[in-house]
Amino acid sequence: MVSFFTAIGGFFVALWSILTSFLPFCLIDISVEPVVFECGNDKYCIVWETSTKGSGYVKYTYNGEEKVLWDERSGVIRTDDTVHKVVVPKEELQGNAYKVGSQYVGFKYGYSASKGQTVESEEYNFGGIEKEDDIKILCISDIHYMEKEMYKSLEYFTEKPDLIAYMGDITSELTTKDQFADYILKDAHDLSGGEIPVVYTRGNHETRGEFAAQLIDYFAMETDEFYYTFEFGPLSAIVLDPGEDKEDDHVEYSGLVDFASYREQHYNWIESLDKSEFENGKYKIVFSHHPKLDNHFGKDWTQPLKNLDMDLIVGGHYHKSDFVEGELPIFFDGGKINSTNGCWAASMMTLKDGKIHMLTIDNSGNTLLDKTINA
């Protein structure tokens, strides 16, 4: 009897698979093309969105072998989400071509599943190649829905970056997953074309809203938090996540944050870093949305960074272009300078010949900062 029902179930599953190939509600599209995020270890994280929920995979050829890596958790392929995340070894992706794909999955039953159309992206030729010198880093922070002004400012930069520092406050809140996909993810793809690695630094505005607590699920940092270290050729970098800019009891947070504990955990992590981890870095840079950290809630975060011989802190948050001299200098990369007159600025850092060159240009073509320091 069990075999009979199993056979009947198999028949209906097969029939459903055929029917769903033609049913419009079982179609699926790639609504946000892929972004390759830095993870802080020997892997990249590729993220994209589809119009409906389903499975997700990344396909590429490495050493003559076609590889398919799935969006899975402990061996189970995820089919309950529209945002897909696949972790790929860096050595297999660098200088290689890849595509992403997804299949519509209506529901997974205990012994069968209702599935529909499969869609694949175009092929992307990924860079990520770590040059020995002359590294160009595009710095983008504090977009705050000023995408039009941002892309206008990018027209004044003539050279293509090797790396994108995505410095936080891309949006002003994260109440829904759509805001993550429509702004953080889509802007990251439009900036990188899916072919340049993106270093994400969480902004304080991305800690606000119902979806904020879920944001970490769509990344794969080595620490399982938004702070991590990474290397890119001659660059040794630390990415920080100082959290919100006000005390936890501030009315804006409705008593629903615990950044005091998070900052303590984060600071202890910084202190645990060993100088030897960065000794091969010709350029040592700290990326932090909030870069002014000499008295961050009563604690000097810059001291352990100075002990690691870091060259520079890069960040946004203050909506200005500026450079502050010091034992550990600070570069404020621009972003939303003035929403009243529509002024927005992007920055390009060039690491070359032992020097760090910082250039900031606004959306009217004005050079706001042009500065070079020794690494």
# chains A, B, ... in the order shown; residues from 1 in each chain; ligands from 1
>>> residues_around(residues="region 215-221 of chain A", least_positions_apart="2", cutoff="7 Å", atoms="only C-alpha atoms", output="PDB file with N, CA and C atoms, in the first residue's frame")
ATOM      1  N   CYS A  39      34.652  38.493   2.258  1.00  0.00           N
ATOM      2  CA  CYS A  39      34.238  37.815   3.488  1.00  0.00           C
ATOM      3  C   CYS A  39      35.256  37.945   4.614  1.00  0.00           C
ATOM      4  N   GLY A  40      36.479  38.329   4.261  1.00  0.00           N
ATOM      5  CA  GLY A  40      37.502  38.428   5.291  1.00  0.00           C
ATOM      6  C   GLY A  40      38.263  37.150   5.517  1.00  0.00           C
ATOM      7  N   CYS A  45      31.560  35.948  -1.019  1.00  0.00           N
ATOM      8  CA  CYS A  45      30.141  35.653  -0.850  1.00  0.00           C
ATOM      9  C   CYS A  45      29.381  36.322  -1.997  1.00  0.00           C
ATOM     10  N   LYS A  85      22.487  33.491  -1.291  1.00  0.00           N
ATOM     11  CA  LYS A  85      23.877  33.700  -0.886  1.00  0.00           C
ATOM     12  C   LYS A  85      24.659  32.417  -1.096  1.00  0.00           C
ATOM     13  N   PHE A 211      14.176  44.811   9.705  1.00  0.00           N
ATOM     14  CA  PHE A 211      15.044  43.892   8.966  1.00  0.00           C
ATOM     15  C   PHE A 211      16.505  43.958   9.420  1.00  0.00           C
ATOM     16  N   ALA A 212      16.857  44.980  10.190  1.00  0.00           N
ATOM     17  CA  ALA A 212      18.264  45.197  10.553  1.00  0.00           C
ATOM     18  C   ALA A 212      18.890  43.981  11.236  1.00  0.00           C
ATOM     19  N   ALA A 213      18.127  43.297  12.069  1.00  0.00           N
ATOM     20  CA  ALA A 213      18.661  42.133  12.779  1.00  0.00           C
ATOM     21  C   ALA A 213      18.918  40.951  11.850  1.00  0.00           C
ATOM     22  N   THR A 223      34.105  36.352  11.011  1.00  0.00           N
ATOM     23  CA  THR A 223      33.800  36.491  12.427  1.00  0.00           C
ATOM     24  C   THR A 223      32.328  36.261  12.745  1.00  0.00           C
ATOM     25  N   ASP A 224      31.496  36.098  11.710  1.00  0.00           N
ATOM     26  CA  ASP A 224      30.040  36.032  11.848  1.00  0.00           C
ATOM     27  C   ASP A 224      29.465  37.345  12.366  1.00  0.00           C
ATOM     28  N   GLU A 225      30.254  38.414  12.258  1.00  0.00           N
ATOM     29  CA  GLU A 225      29.807  39.762  12.598  1.00  0.00           C
ATOM     30  C   GLU A 225      30.227  40.699  11.471  1.00  0.00           C
ATOM     31  N   PHE A 226      29.907  42.001  11.608  1.00  0.00           N
ATOM     32  CA  PHE A 226      30.239  42.951  10.557  1.00  0.00           C
ATOM     33  C   PHE A 226      31.639  43.534  10.701  1.00  0.00           C
ATOM     34  N   TYR A 228      35.810  42.484  10.564  1.00  0.00           N
ATOM     35  CA  TYR A 228      36.658  41.417  10.053  1.00  0.00           C
ATOM     36  C   TYR A 228      37.936  42.026   9.485  1.00  0.00           C
TER      37      TYR A 228
END
>>> select_by_dssp(residues="region 110-301 of chain A", states="alpha helix (DSSP H)", output="ChimeraX atom specification")
/A:147-154,177-179,186-192,259-272
>>> select_by_dssp(residues="region 20-200 of chain A", states="strand (DSSP E)", output="number ranges by chain")
A: 30-38, 43-54, 57-62, 65-70, 72-73, 76-77, 81-89, 97-108, 113-120, 124-125, 135-140, 163-166, 198-200
>>> write_last_selection(atoms="C-alpha atoms", output="PDB file, in the first residue's frame")
ATOM      1  CA  ILE A  30      16.635  37.637 -11.433  1.00  0.00           C
ATOM      2  CA  SER A  31      15.477  40.967 -10.027  1.00  0.00           C
ATOM      3  CA  VAL A  32      18.866  42.104  -8.659  1.00  0.00           C
ATOM      4  CA  GLU A  33      21.993  40.845 -10.392  1.00  0.00           C
ATOM      5  CA  PRO A  34      24.875  39.405  -8.307  1.00  0.00           C
ATOM      6  CA  VAL A  35      27.342  41.156  -6.036  1.00  0.00           C
ATOM      7  CA  VAL A  36      30.629  39.589  -4.893  1.00  0.00           C
ATOM      8  CA  PHE A  37      31.287  40.575  -1.267  1.00  0.00           C
ATOM      9  CA  GLU A  38      34.581  40.274   0.589  1.00  0.00           C
ATOM     10  CA  LYS A  43      36.212  33.021   0.350  1.00  0.00           C
ATOM     11  CA  TYR A  44      33.889  35.454  -1.391  1.00  0.00           C
ATOM     12  CA  CYS A  45      30.141  35.653  -0.850  1.00  0.00           C
ATOM     13  CA  ILE A  46      27.946  36.065  -3.961  1.00  0.00           C
ATOM     14  CA  VAL A  47      24.489  37.537  -3.282  1.00  0.00           C
ATOM     15  CA  TRP A  48      21.560  38.208  -5.646  1.00  0.00           C
ATOM     16  CA  GLU A  49      17.766  38.455  -5.573  1.00  0.00           C
ATOM     17  CA  THR A  50      15.002  36.748  -7.554  1.00  0.00           C
ATOM     18  CA  SER A  51      11.403  37.774  -8.166  1.00  0.00           C
ATOM     19  CA  THR A  52      10.034  34.780  -6.265  1.00  0.00           C
ATOM     20  CA  LYS A  53      11.482  32.326  -3.778  1.00  0.00           C
ATOM     21  CA  GLY A  54      13.420  29.295  -4.914  1.00  0.00           C
ATOM     22  CA  TYR A  57      23.434  28.330  -7.270  1.00  0.00           C
ATOM     23  CA  VAL A  58      26.675  29.686  -8.722  1.00  0.00           C
ATOM     24  CA  LYS A  59      28.179  27.982 -11.756  1.00  0.00           C
ATOM     25  CA  TYR A  60      31.743  28.316 -13.101  1.00  0.00           C
ATOM     26  CA  THR A  61      34.600  26.248 -14.503  1.00  0.00           C
ATOM     27  CA  TYR A  62      37.825  25.774 -12.523  1.00  0.00           C
ATOM     28  CA  GLU A  65      35.906  21.117 -14.148  1.00  0.00           C
ATOM     29  CA  GLU A  66      32.436  22.671 -14.128  1.00  0.00           C
ATOM     30  CA  LYS A  67      31.444  23.529 -10.578  1.00  0.00           C
ATOM     31  CA  VAL A  68      28.003  24.228  -9.151  1.00  0.00           C
ATOM     32  CA  LEU A  69      27.856  25.605  -5.614  1.00  0.00           C
ATOM     33  CA  TRP A  70      24.466  25.923  -3.917  1.00  0.00           C
ATOM     34  CA  GLU A  72      22.583  25.657   1.243  1.00  0.00           C
ATOM     35  CA  ARG A  73      22.660  25.241   5.000  1.00  0.00           C
ATOM     36  CA  VAL A  76      19.889  21.430   2.657  1.00  0.00           C
ATOM     37  CA  ILE A  77      19.377  23.737  -0.339  1.00  0.00           C
ATOM     38  CA  ASP A  81      13.854  33.091   0.226  1.00  0.00           C
ATOM     39  CA  THR A  82      14.170  35.542  -2.645  1.00  0.00           C
ATOM     40  CA  VAL A  83      17.701  36.621  -1.642  1.00  0.00           C
ATOM     41  CA  HIS A  84      20.365  34.019  -2.326  1.00  0.00           C
ATOM     42  CA  LYS A  85      23.877  33.700  -0.886  1.00  0.00           C
ATOM     43  CA  VAL A  86      26.609  31.361  -2.093  1.00  0.00           C
ATOM     44  CA  VAL A  87      30.139  31.205  -0.661  1.00  0.00           C
ATOM     45  CA  VAL A  88      32.889  30.602  -3.241  1.00  0.00           C
ATOM     46  CA  PRO A  89      36.655  30.022  -2.725  1.00  0.00           C
ATOM     47  CA  ALA A  97      33.853  33.823 -15.229  1.00  0.00           C
ATOM     48  CA  TYR A  98      30.715  32.821 -13.347  1.00  0.00           C
ATOM     49  CA  LYS A  99      26.940  32.940 -13.561  1.00  0.00           C
ATOM     50  CA  VAL A 100      24.186  32.610 -10.977  1.00  0.00           C
ATOM     51  CA  GLY A 101      20.965  30.643 -11.328  1.00  0.00           C
ATOM     52  CA  SER A 102      17.742  29.987  -9.448  1.00  0.00           C
ATOM     53  CA  GLN A 103      14.771  27.664  -9.805  1.00  0.00           C
ATOM     54  CA  TYR A 104      11.249  28.454  -8.658  1.00  0.00           C
ATOM     55  CA  VAL A 105      10.191  26.216  -5.763  1.00  0.00           C
ATOM     56  CA  GLY A 106       6.590  26.614  -4.681  1.00  0.00           C
ATOM     57  CA  PHE A 107       6.854  24.309  -1.688  1.00  0.00           C
ATOM     58  CA  LYS A 108       8.975  21.473  -0.348  1.00  0.00           C
ATOM     59  CA  ALA A 113       8.512  19.379  -4.077  1.00  0.00           C
ATOM     60  CA  SER A 114       6.594  21.617  -6.487  1.00  0.00           C
ATOM     61  CA  LYS A 115       9.109  23.240  -8.822  1.00  0.00           C
ATOM     62  CA  GLY A 116       8.920  25.530 -11.838  1.00  0.00           C
ATOM     63  CA  GLN A 117      11.141  27.506 -14.183  1.00  0.00           C
ATOM     64  CA  THR A 118      14.934  27.860 -13.849  1.00  0.00           C
ATOM     65  CA  VAL A 119      16.639  31.138 -14.752  1.00  0.00           C
ATOM     66  CA  GLU A 120      20.336  31.930 -15.157  1.00  0.00           C
ATOM     67  CA  TYR A 124      30.260  37.732 -15.409  1.00  0.00           C
ATOM     68  CA  ASN A 125      34.023  38.066 -15.834  1.00  0.00           C
ATOM     69  CA  ILE A 135      45.453  49.427  -6.199  1.00  0.00           C
ATOM     70  CA  LYS A 136      42.474  51.712  -6.804  1.00  0.00           C
ATOM     71  CA  ILE A 137      39.677  51.713  -4.225  1.00  0.00           C
ATOM     72  CA  LEU A 138      36.362  53.458  -4.866  1.00  0.00           C
ATOM     73  CA  CYS A 139      34.927  54.727  -1.565  1.00  0.00           C
ATOM     74  CA  ILE A 140      31.152  55.145  -1.322  1.00  0.00           C
ATOM     75  CA  LEU A 163      38.037  47.226  -5.106  1.00  0.00           C
ATOM     76  CA  ILE A 164      34.918  48.999  -3.818  1.00  0.00           C
ATOM     77  CA  ALA A 165      34.719  50.167  -0.208  1.00  0.00           C
ATOM     78  CA  TYR A 166      30.981  50.282   0.480  1.00  0.00           C
ATOM     79  CA  VAL A 198      32.869  44.836  -2.629  1.00  0.00           C
ATOM     80  CA  VAL A 199      33.940  45.459   0.978  1.00  0.00           C
ATOM     81  CA  TYR A 200      30.795  46.162   3.010  1.00  0.00           C
TER      82      TYR A 200
END
>>> residues_around(residues="region 310-316 of chain A", least_positions_apart="4", cutoff="10 Å", atoms="only C-alpha atoms", output="number ranges by chain")
A: 139-142, 165-169, 201, 203, 236-240, 275, 278, 281-293, 302, 304-306, 320-336, 349, 356, 373-375
>>> write_last_selection(atoms="C-alpha atoms", output="PDB file, in the first residue's frame")
ATOM      1  CA  CYS A 139      34.927  54.727  -1.565  1.00  0.00           C
ATOM      2  CA  ILE A 140      31.152  55.145  -1.322  1.00  0.00           C
ATOM      3  CA  SER A 141      29.291  56.087   1.852  1.00  0.00           C
ATOM      4  CA  ASP A 142      26.121  57.842   3.000  1.00  0.00           C
ATOM      5  CA  ALA A 165      34.719  50.167  -0.208  1.00  0.00           C
ATOM      6  CA  TYR A 166      30.981  50.282   0.480  1.00  0.00           C
ATOM      7  CA  MET A 167      31.070  52.398   3.607  1.00  0.00           C
ATOM      8  CA  GLY A 168      27.569  52.244   5.077  1.00  0.00           C
ATOM      9  CA  ASP A 169      24.412  54.329   5.352  1.00  0.00           C
ATOM     10  CA  THR A 201      30.976  48.300   6.159  1.00  0.00           C
ATOM     11  CA  GLY A 203      26.451  52.087   8.748  1.00  0.00           C
ATOM     12  CA  SER A 236      46.097  44.641   4.805  1.00  0.00           C
ATOM     13  CA  ALA A 237      42.788  45.952   6.099  1.00  0.00           C
ATOM     14  CA  ILE A 238      40.553  45.995   9.148  1.00  0.00           C
ATOM     15  CA  VAL A 239      36.804  46.561   8.760  1.00  0.00           C
ATOM     16  CA  LEU A 240      35.134  47.933  11.890  1.00  0.00           C
ATOM     17  CA  LYS A 275      50.643  42.752  14.722  1.00  0.00           C
ATOM     18  CA  PHE A 278      49.537  42.698   9.117  1.00  0.00           C
ATOM     19  CA  GLY A 281      50.866  44.687   4.271  1.00  0.00           C
ATOM     20  CA  LYS A 282      52.519  47.521   2.389  1.00  0.00           C
ATOM     21  CA  TYR A 283      49.378  49.588   3.016  1.00  0.00           C
ATOM     22  CA  LYS A 284      47.432  49.199   6.279  1.00  0.00           C
ATOM     23  CA  ILE A 285      43.978  50.746   6.223  1.00  0.00           C
ATOM     24  CA  VAL A 286      41.023  50.708   8.610  1.00  0.00           C
ATOM     25  CA  PHE A 287      37.529  50.972   7.083  1.00  0.00           C
ATOM     26  CA  SER A 288      34.838  52.191   9.459  1.00  0.00           C
ATOM     27  CA  HIS A 289      31.560  53.958   8.746  1.00  0.00           C
ATOM     28  CA  HIS A 290      32.120  56.008  11.890  1.00  0.00           C
ATOM     29  CA  PRO A 291      35.849  56.871  11.614  1.00  0.00           C
ATOM     30  CA  LYS A 292      36.335  59.228  14.594  1.00  0.00           C
ATOM     31  CA  LEU A 293      37.069  56.675  17.307  1.00  0.00           C
ATOM     32  CA  THR A 302      42.468  54.154  17.973  1.00  0.00           C
ATOM     33  CA  PRO A 304      44.971  49.280  19.615  1.00  0.00           C
ATOM     34  CA  LEU A 305      44.886  50.282  15.918  1.00  0.00           C
ATOM     35  CA  LYS A 306      48.035  52.379  16.406  1.00  0.00           C
ATOM     36  CA  LYS A 320      31.852  65.761   4.587  1.00  0.00           C
ATOM     37  CA  SER A 321      35.110  65.518   2.682  1.00  0.00           C
ATOM     38  CA  ASP A 322      38.091  66.105   4.940  1.00  0.00           C
ATOM     39  CA  PHE A 323      41.468  64.844   6.054  1.00  0.00           C
ATOM     40  CA  VAL A 324      42.617  65.044   9.670  1.00  0.00           C
ATOM     41  CA  GLU A 325      46.333  64.724  10.396  1.00  0.00           C
ATOM     42  CA  GLY A 326      47.559  62.701  13.345  1.00  0.00           C
ATOM     43  CA  GLU A 327      49.377  59.580  14.472  1.00  0.00           C
ATOM     44  CA  LEU A 328      46.492  57.690  12.878  1.00  0.00           C
ATOM     45  CA  PRO A 329      45.039  60.117  10.292  1.00  0.00           C
ATOM     46  CA  ILE A 330      41.378  60.085   9.222  1.00  0.00           C
ATOM     47  CA  PHE A 331      39.976  60.406   5.704  1.00  0.00           C
ATOM     48  CA  PHE A 332      36.300  61.422   5.517  1.00  0.00           C
ATOM     49  CA  ASP A 333      35.197  60.204   2.084  1.00  0.00           C
ATOM     50  CA  GLY A 334      32.241  62.506   1.337  1.00  0.00           C
ATOM     51  CA  GLY A 335      28.821  61.016   0.636  1.00  0.00           C
ATOM     52  CA  LYS A 336      25.762  63.201   1.164  1.00  0.00           C
ATOM     53  CA  MET A 349      42.044  56.022  -3.144  1.00  0.00           C
ATOM     54  CA  ILE A 356      48.111  56.617  -0.444  1.00  0.00           C
ATOM     55  CA  ILE A 373      50.375  60.577   2.374  1.00  0.00           C
ATOM     56  CA  ASN A 374      53.152  58.045   2.865  1.00  0.00           C
ATOM     57  CA  ALA A 375      52.122  54.575   3.945  1.00  0.00           C
TER      58      ALA A 375
END
>>> residues_around(residues="Phe126 (chain A)", least_positions_apart="6", cutoff="10 Å", atoms="only C-alpha atoms", output="PyMOL selection string")
chain A and resi 36+93-98+192-197
>>> write_last_selection(atoms="C-alpha atoms", output="PDB file, in the first residue's frame")
ATOM      1  CA  VAL A  36      30.629  39.589  -4.893  1.00  0.00           C
ATOM      2  CA  LEU A  93      36.735  32.876  -8.614  1.00  0.00           C
ATOM      3  CA  GLN A  94      39.574  35.360  -9.124  1.00  0.00           C
ATOM      4  CA  GLY A  95      40.102  36.103 -12.805  1.00  0.00           C
ATOM      5  CA  ASN A  96      37.345  33.668 -13.697  1.00  0.00           C
ATOM      6  CA  ALA A  97      33.853  33.823 -15.229  1.00  0.00           C
ATOM      7  CA  TYR A  98      30.715  32.821 -13.347  1.00  0.00           C
ATOM      8  CA  SER A 192      30.674  46.736  -9.254  1.00  0.00           C
ATOM      9  CA  GLY A 193      28.913  45.187 -12.244  1.00  0.00           C
ATOM     10  CA  GLY A 194      29.304  41.863 -10.433  1.00  0.00           C
ATOM     11  CA  GLU A 195      32.961  41.926 -11.525  1.00  0.00           C
ATOM     12  CA  ILE A 196      34.712  43.859  -8.724  1.00  0.00           C
ATOM     13  CA  PRO A 197      34.872  42.723  -5.066  1.00  0.00           C
TER      14      PRO A 197
END
